[in-house]
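Student: I'd like to ask you about the structure that follows.
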Amino acid sequence: MKHIKILGTGCPKCKQMEAIVKQVVAQLGIEATVEKVEDIQKIMEYNVLTTPVLVIDEQIKVKGRVPMPEEVKSLLQ
Amino acid sequence: METKTAVEICPTTTQGRVKAGALLVDVRERDEVAQLAYDVPNIVNIPLSEFENRFHELPKDQELVMVCRGGGRSLKATYYLMNMGYDNVANMQHGIIRWVQRGFPTKGDSSSVLVKNDNAGCCGTSAPAAKSSSCCDAPNSDGSPCC
């Protein structure tokens with residue numbers, strides 16, 4: 001079971017990342033939780049200045065940009 | 001990492017803090033500052049895009065008030081500094097938009113922030129739309145009165 005978090009304050013890029021991640025999770029058919037974190041204080045627990053951020057099992061994998069679906073696939077496999 | 005809640009103050013309170021010796025830290029990008037800048041004696045510009053590499057330029061023994069356009073980016077920078085061991089730092093809510101609305105001093109063209117209040121960039125660039133109501137509607141987050 002993967003625990004995925006998307007950190008972002010609700011901007012379009014954050015929504016894009018969320019959509020891509022959910023799409024890839026569905027395609028891969030893996031067991032995963034996808035949580036969107038919009039609270040700035042909770043986001044800053046990861047001490048990141050640029051969003052969106054992709055966190056997989058509490059590790060920051062992508063920061064400040066929207067990844068391509070292929071990249072998310074490789075991060076999840 | 002457990003993060004404490006940031007201290008947030010309004011532009012009027014910020015004016016007082018600056019007069020008392022606080023340093024204003026503007027985290028807007030250079031082109032934004034070139035267009036419209038805060039006109040106070042103690043100010044530095046460290047754009048958020050450079051912040052991770054340059055935050056160490058900021059003194060730890062002086063009060064810092066973080067500012068931006070709408071209060072979103074500066075709040076991130078405030079938390080970042082708190083996480084990096086700065087304990088005398090506050091965020092100015094509502095940014096230069098409210099600052100201009102209050103008639104506080106600026107250099108440059110203020111029409112851009114008075115005419116529109118759209119989101120200038122991704123991810124917390126702007127705080128919620130500035131209202132025309134008084135900044136004294138709510139106390140500062142540290143409990144002190146606003147004005």
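As shown in the structure tokens, the chain order sets the letters A, B, ...; within each chain, residues go from 1, and ligands are also counted from 1 in the order they appear.
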Quick one: which residues from chain A are at most 9 Å off chain B, using only C-alpha atoms, as a list in words?

Tutor: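 My answer is Gly8, Thr9, Gly10, Cys11, Pro12, Lys13, Cys14, Ile40, Gln41, Lys42, Ile43, Met44, Glu45, Tyr46, Asn47, Val48, Leu49, Thr50, Thr51 and Pro52 of chain A.
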
Student: Residues as selected, N, CA and C atoms, written as a PDB file, in the first residue's frame, can you do that?

Tutor:
ATOM      1  N   GLY A   8      -0.407  21.214  -2.072  1.00  0.00           N
ATOM      2  CA  GLY A   8      -0.655  22.388  -2.913  1.00  0.00           C
ATOM      3  C   GLY A   8      -1.826  23.165  -2.377  1.00  0.00           C
ATOM      4  N   THR A   9      -1.788  24.467  -2.612  1.00  0.00           N
ATOM      5  CA  THR A   9      -2.799  25.329  -2.011  1.00  0.00           C
ATOM      6  C   THR A   9      -4.035  25.527  -2.893  1.00  0.00           C
ATOM      7  N   GLY A  10      -4.223  24.675  -3.861  1.00  0.00           N
ATOM      8  CA  GLY A  10      -5.445  24.751  -4.654  1.00  0.00           C
ATOM      9  C   GLY A  10      -5.283  25.406  -6.004  1.00  0.00           C
ATOM     10  N   CYS A  11      -4.046  25.555  -6.451  1.00  0.00           N
ATOM     11  CA  CYS A  11      -3.808  26.197  -7.737  1.00  0.00           C
ATOM     12  C   CYS A  11      -4.051  25.195  -8.877  1.00  0.00           C
ATOM     13  N   PRO A  12      -4.157  25.680 -10.112  1.00  0.00           N
ATOM     14  CA  PRO A  12      -4.414  24.774 -11.243  1.00  0.00           C
ATOM     15  C   PRO A  12      -3.368  23.669 -11.388  1.00  0.00           C
ATOM     16  N   LYS A  13      -2.088  23.990 -11.169  1.00  0.00           N
ATOM     17  CA  LYS A  13      -1.048  22.965 -11.317  1.00  0.00           C
ATOM     18  C   LYS A  13      -1.200  21.867 -10.273  1.00  0.00           C
ATOM     19  N   CYS A  14      -1.639  22.262  -9.085  1.00  0.00           N
ATOM     20  CA  CYS A  14      -1.838  21.259  -8.029  1.00  0.00           C
ATOM     21  C   CYS A  14      -2.976  20.320  -8.411  1.00  0.00           C
ATOM     22  N   ILE A  40      -1.702  25.275   4.556  1.00  0.00           N
ATOM     23  CA  ILE A  40      -0.329  25.775   4.398  1.00  0.00           C
ATOM     24  C   ILE A  40       0.575  25.323   5.539  1.00  0.00           C
ATOM     25  N   GLN A  41       0.012  25.238   6.722  1.00  0.00           N
ATOM     26  CA  GLN A  41       0.838  24.825   7.867  1.00  0.00           C
ATOM     27  C   GLN A  41       1.264  23.365   7.718  1.00  0.00           C
ATOM     28  N   LYS A  42       0.343  22.529   7.232  1.00  0.00           N
ATOM     29  CA  LYS A  42       0.682  21.109   7.027  1.00  0.00           C
ATOM     30  C   LYS A  42       1.657  20.965   5.852  1.00  0.00           C
ATOM     31  N   ILE A  43       1.469  21.792   4.814  1.00  0.00           N
ATOM     32  CA  ILE A  43       2.400  21.763   3.682  1.00  0.00           C
ATOM     33  C   ILE A  43       3.801  22.112   4.158  1.00  0.00           C
ATOM     34  N   MET A  44       3.874  23.118   5.018  1.00  0.00           N
ATOM     35  CA  MET A  44       5.196  23.590   5.445  1.00  0.00           C
ATOM     36  C   MET A  44       5.879  22.660   6.442  1.00  0.00           C
ATOM     37  N   GLU A  45       5.157  21.630   6.901  1.00  0.00           N
ATOM     38  CA  GLU A  45       5.834  20.587   7.685  1.00  0.00           C
ATOM     39  C   GLU A  45       6.882  19.876   6.824  1.00  0.00           C
ATOM     40  N   TYR A  46       6.710  19.957   5.511  1.00  0.00           N
ATOM     41  CA  TYR A  46       7.694  19.385   4.582  1.00  0.00           C
ATOM     42  C   TYR A  46       8.728  20.443   4.160  1.00  0.00           C
ATOM     43  N   ASN A  47       8.550  21.658   4.628  1.00  0.00           N
ATOM     44  CA  ASN A  47       9.460  22.778   4.363  1.00  0.00           C
ATOM     45  C   ASN A  47       9.735  22.991   2.871  1.00  0.00           C
ATOM     46  N   VAL A  48       8.674  23.054   2.098  1.00  0.00           N
ATOM     47  CA  VAL A  48       8.801  23.269   0.656  1.00  0.00           C
ATOM     48  C   VAL A  48       8.249  24.642   0.298  1.00  0.00           C
ATOM     49  N   LEU A  49       8.958  25.346  -0.556  1.00  0.00           N
ATOM     50  CA  LEU A  49       8.517  26.680  -0.952  1.00  0.00           C
ATOM     51  C   LEU A  49       7.775  26.669  -2.279  1.00  0.00           C
ATOM     52  N   THR A  50       8.023  25.655  -3.081  1.00  0.00           N
ATOM     53  CA  THR A  50       7.365  25.599  -4.375  1.00  0.00           C
ATOM     54  C   THR A  50       6.425  24.408  -4.418  1.00  0.00           C
ATOM     55  N   THR A  51       5.228  24.650  -4.903  1.00  0.00           N
ATOM     56  CA  THR A  51       4.233  23.594  -5.035  1.00  0.00           C
ATOM     57  C   THR A  51       3.777  23.527  -6.498  1.00  0.00           C
ATOM     58  N   PRO A  52       3.180  22.458  -6.946  1.00  0.00           N
ATOM     59  CA  PRO A  52       2.770  21.279  -6.188  1.00  0.00           C
ATOM     60  C   PRO A  52       3.940  20.371  -5.831  1.00  0.00           C
TER      61      PRO A  52
END

Student: I'd like the neighbourhood of Glu32 of chain B as a count of residues only, where a residue qualifies if any of its atoms comes within 12 Å (using only C-alpha atoms), though same-chain residues fewer than 4 positions away should be ignored.

Tutor: 22

Student: Wanna dump the segment 56-90 of chain B-segment 18-24 of chain B contacts at 12 Å for me, each residue with its shortest atom pair and the distance in Å to one decimal, counting only C-alpha atoms, ordered by chain and number, as JSON lines?

Tutor:
{"residue": "B:Leu58", "atom": "CA", "partner": "B:Leu23", "partner_atom": "CA", "distance": 9.1}
{"residue": "B:Pro59", "atom": "CA", "partner": "B:Leu23", "partner_atom": "CA", "distance": 9.0}
{"residue": "B:Lys60", "atom": "CA", "partner": "B:Leu23", "partner_atom": "CA", "distance": 10.8}
{"residue": "B:Asp61", "atom": "CA", "partner": "B:Ala22", "partner_atom": "CA", "distance": 10.2}
{"residue": "B:Gln62", "atom": "CA", "partner": "B:Ala22", "partner_atom": "CA", "distance": 6.4}
{"residue": "B:Glu63", "atom": "CA", "partner": "B:Ala22", "partner_atom": "CA", "distance": 4.7}
{"residue": "B:Leu64", "atom": "CA", "partner": "B:Leu23", "partner_atom": "CA", "distance": 4.9}
{"residue": "B:Val65", "atom": "CA", "partner": "B:Leu24", "partner_atom": "CA", "distance": 4.9}
{"residue": "B:Met66", "atom": "CA", "partner": "B:Leu24", "partner_atom": "CA", "distance": 6.0}
{"residue": "B:Val67", "atom": "CA", "partner": "B:Leu24", "partner_atom": "CA", "distance": 6.9}
{"residue": "B:Cys68", "atom": "CA", "partner": "B:Leu24", "partner_atom": "CA", "distance": 10.0}
{"residue": "B:Ser74", "atom": "CA", "partner": "B:Leu24", "partner_atom": "CA", "distance": 10.7}
{"residue": "B:Thr78", "atom": "CA", "partner": "B:Leu24", "partner_atom": "CA", "distance": 11.7}
{"residue": "B:Asn88", "atom": "CA", "partner": "B:Ala22", "partner_atom": "CA", "distance": 9.6}
{"residue": "B:Val89", "atom": "CA", "partner": "B:Ala22", "partner_atom": "CA", "distance": 9.3}
{"residue": "B:Ala90", "atom": "CA", "partner": "B:Leu24", "partner_atom": "CA", "distance": 9.7}

Student: If you run DSSP on this backbone, which residues of segment 5-141 of chain B come out as strand (DSSP E or B), and could you give them as a PyMOL selection string?

Tutor: chain B and resi 7-9+23-26+36-38+43-45+64-67+89-92+106-108

Student: Write a file of the selected residues as a CSV table (one decimal), in the first residue's frame, keeping N, CA and C atoms.

Tutor:
chain,number,residue,atom,x,y,z
B,7,VAL,N,3.0,33.8,13.1
B,7,VAL,CA,2.5,35.1,13.5
B,7,VAL,C,2.1,35.9,12.3
B,8,GLU,N,0.9,36.3,12.2
B,8,GLU,CA,0.5,37.1,11.1
B,8,GLU,C,0.0,38.5,11.6
B,9,ILE,N,0.4,39.5,10.9
B,9,ILE,CA,0.1,40.9,11.3
B,9,ILE,C,-0.4,41.7,10.1
B,23,LEU,N,12.9,44.4,9.9
B,23,LEU,CA,13.3,44.4,8.5
B,23,LEU,C,12.2,43.8,7.6
B,24,LEU,N,11.8,44.5,6.6
B,24,LEU,CA,10.8,44.0,5.7
B,24,LEU,C,11.5,43.1,4.7
B,25,VAL,N,11.0,41.9,4.4
B,25,VAL,CA,11.5,41.0,3.5
B,25,VAL,C,10.5,40.7,2.4
B,26,ASP,N,10.7,41.3,1.2
B,26,ASP,CA,9.8,41.1,0.1
B,26,ASP,C,10.2,39.9,-0.7
B,36,LEU,N,6.4,47.8,-8.8
B,36,LEU,CA,5.8,48.4,-7.6
B,36,LEU,C,6.6,47.9,-6.4
B,37,ALA,N,7.1,48.8,-5.6
B,37,ALA,CA,7.9,48.4,-4.5
B,37,ALA,C,7.4,49.1,-3.2
B,38,TYR,N,7.6,48.4,-2.1
B,38,TYR,CA,7.3,49.0,-0.8
B,38,TYR,C,8.3,50.1,-0.6
B,43,ILE,N,14.4,47.3,4.0
B,43,ILE,CA,13.7,46.3,3.2
B,43,ILE,C,14.8,45.6,2.3
B,44,VAL,N,14.6,44.3,2.2
B,44,VAL,CA,15.4,43.5,1.2
B,44,VAL,C,14.4,42.7,0.4
B,45,ASN,N,14.9,42.4,-0.9
B,45,ASN,CA,14.1,41.6,-1.8
B,45,ASN,C,14.8,40.3,-2.0
B,64,LEU,N,11.9,40.2,11.6
B,64,LEU,CA,11.6,40.1,10.2
B,64,LEU,C,10.1,40.1,9.9
B,65,VAL,N,9.7,40.9,9.0
B,65,VAL,CA,8.3,40.8,8.5
B,65,VAL,C,8.3,40.5,7.0
B,66,MET,N,7.7,39.3,6.7
B,66,MET,CA,7.7,38.8,5.4
B,66,MET,C,6.5,39.4,4.6
B,67,VAL,N,6.8,39.9,3.4
B,67,VAL,CA,5.7,40.5,2.6
B,67,VAL,C,5.8,40.0,1.1
B,89,VAL,N,10.0,36.2,13.4
B,89,VAL,CA,9.6,36.4,12.1
B,89,VAL,C,8.0,36.4,12.0
B,90,ALA,N,7.5,37.3,11.3
B,90,ALA,CA,6.0,37.4,11.1
B,90,ALA,C,5.7,37.6,9.7
B,91,ASN,N,4.4,37.2,9.3
B,91,ASN,CA,4.0,37.4,8.0
B,91,ASN,C,3.0,38.6,8.0
B,92,MET,N,3.1,39.4,6.9
B,92,MET,CA,2.2,40.5,6.8
B,92,MET,C,1.0,40.0,5.9
B,106,THR,N,4.6,53.6,-1.4
B,106,THR,CA,5.2,52.7,-2.4
B,106,THR,C,5.9,53.5,-3.4
B,107,LYS,N,6.8,52.8,-4.2
B,107,LYS,CA,7.4,53.4,-5.3
B,107,LYS,C,7.0,52.6,-6.5
B,108,GLY,N,6.6,53.4,-7.6
B,108,GLY,CA,6.2,52.7,-8.8
B,108,GLY,C,4.7,52.8,-9.1

Student: Counting only C-alpha atoms, which residue out of A:Lys22, A:Ile6, A:Lys36, A:Leu28 sits closest to Ile56 of chain A?

Tutor: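 Using only C-alpha atoms, Ile56 of chain A sits closest to A:Ile6.
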
Student: Would you pick out the contacts of Ile97 of chain B at 9 Å or less, using only C-alpha atoms, so that residues sharing its chain but fewer than 2 positions from it are not included, and give the list as number ranges by chain?

Tutor: B: 68-71, 94-95, 99-102, 110, 113-114, 117, 130

Student: When you look at Glu70 of chain A with a cut-off of 12 Å (counting only C-alpha atoms), what residues show up, excluding the ones that are within fewer than 2 positions of it in the same chain? I need them as a PyMOL selection string.

Tutor: chain A and resi 20-21+23-25+27-28+66-68+72-77
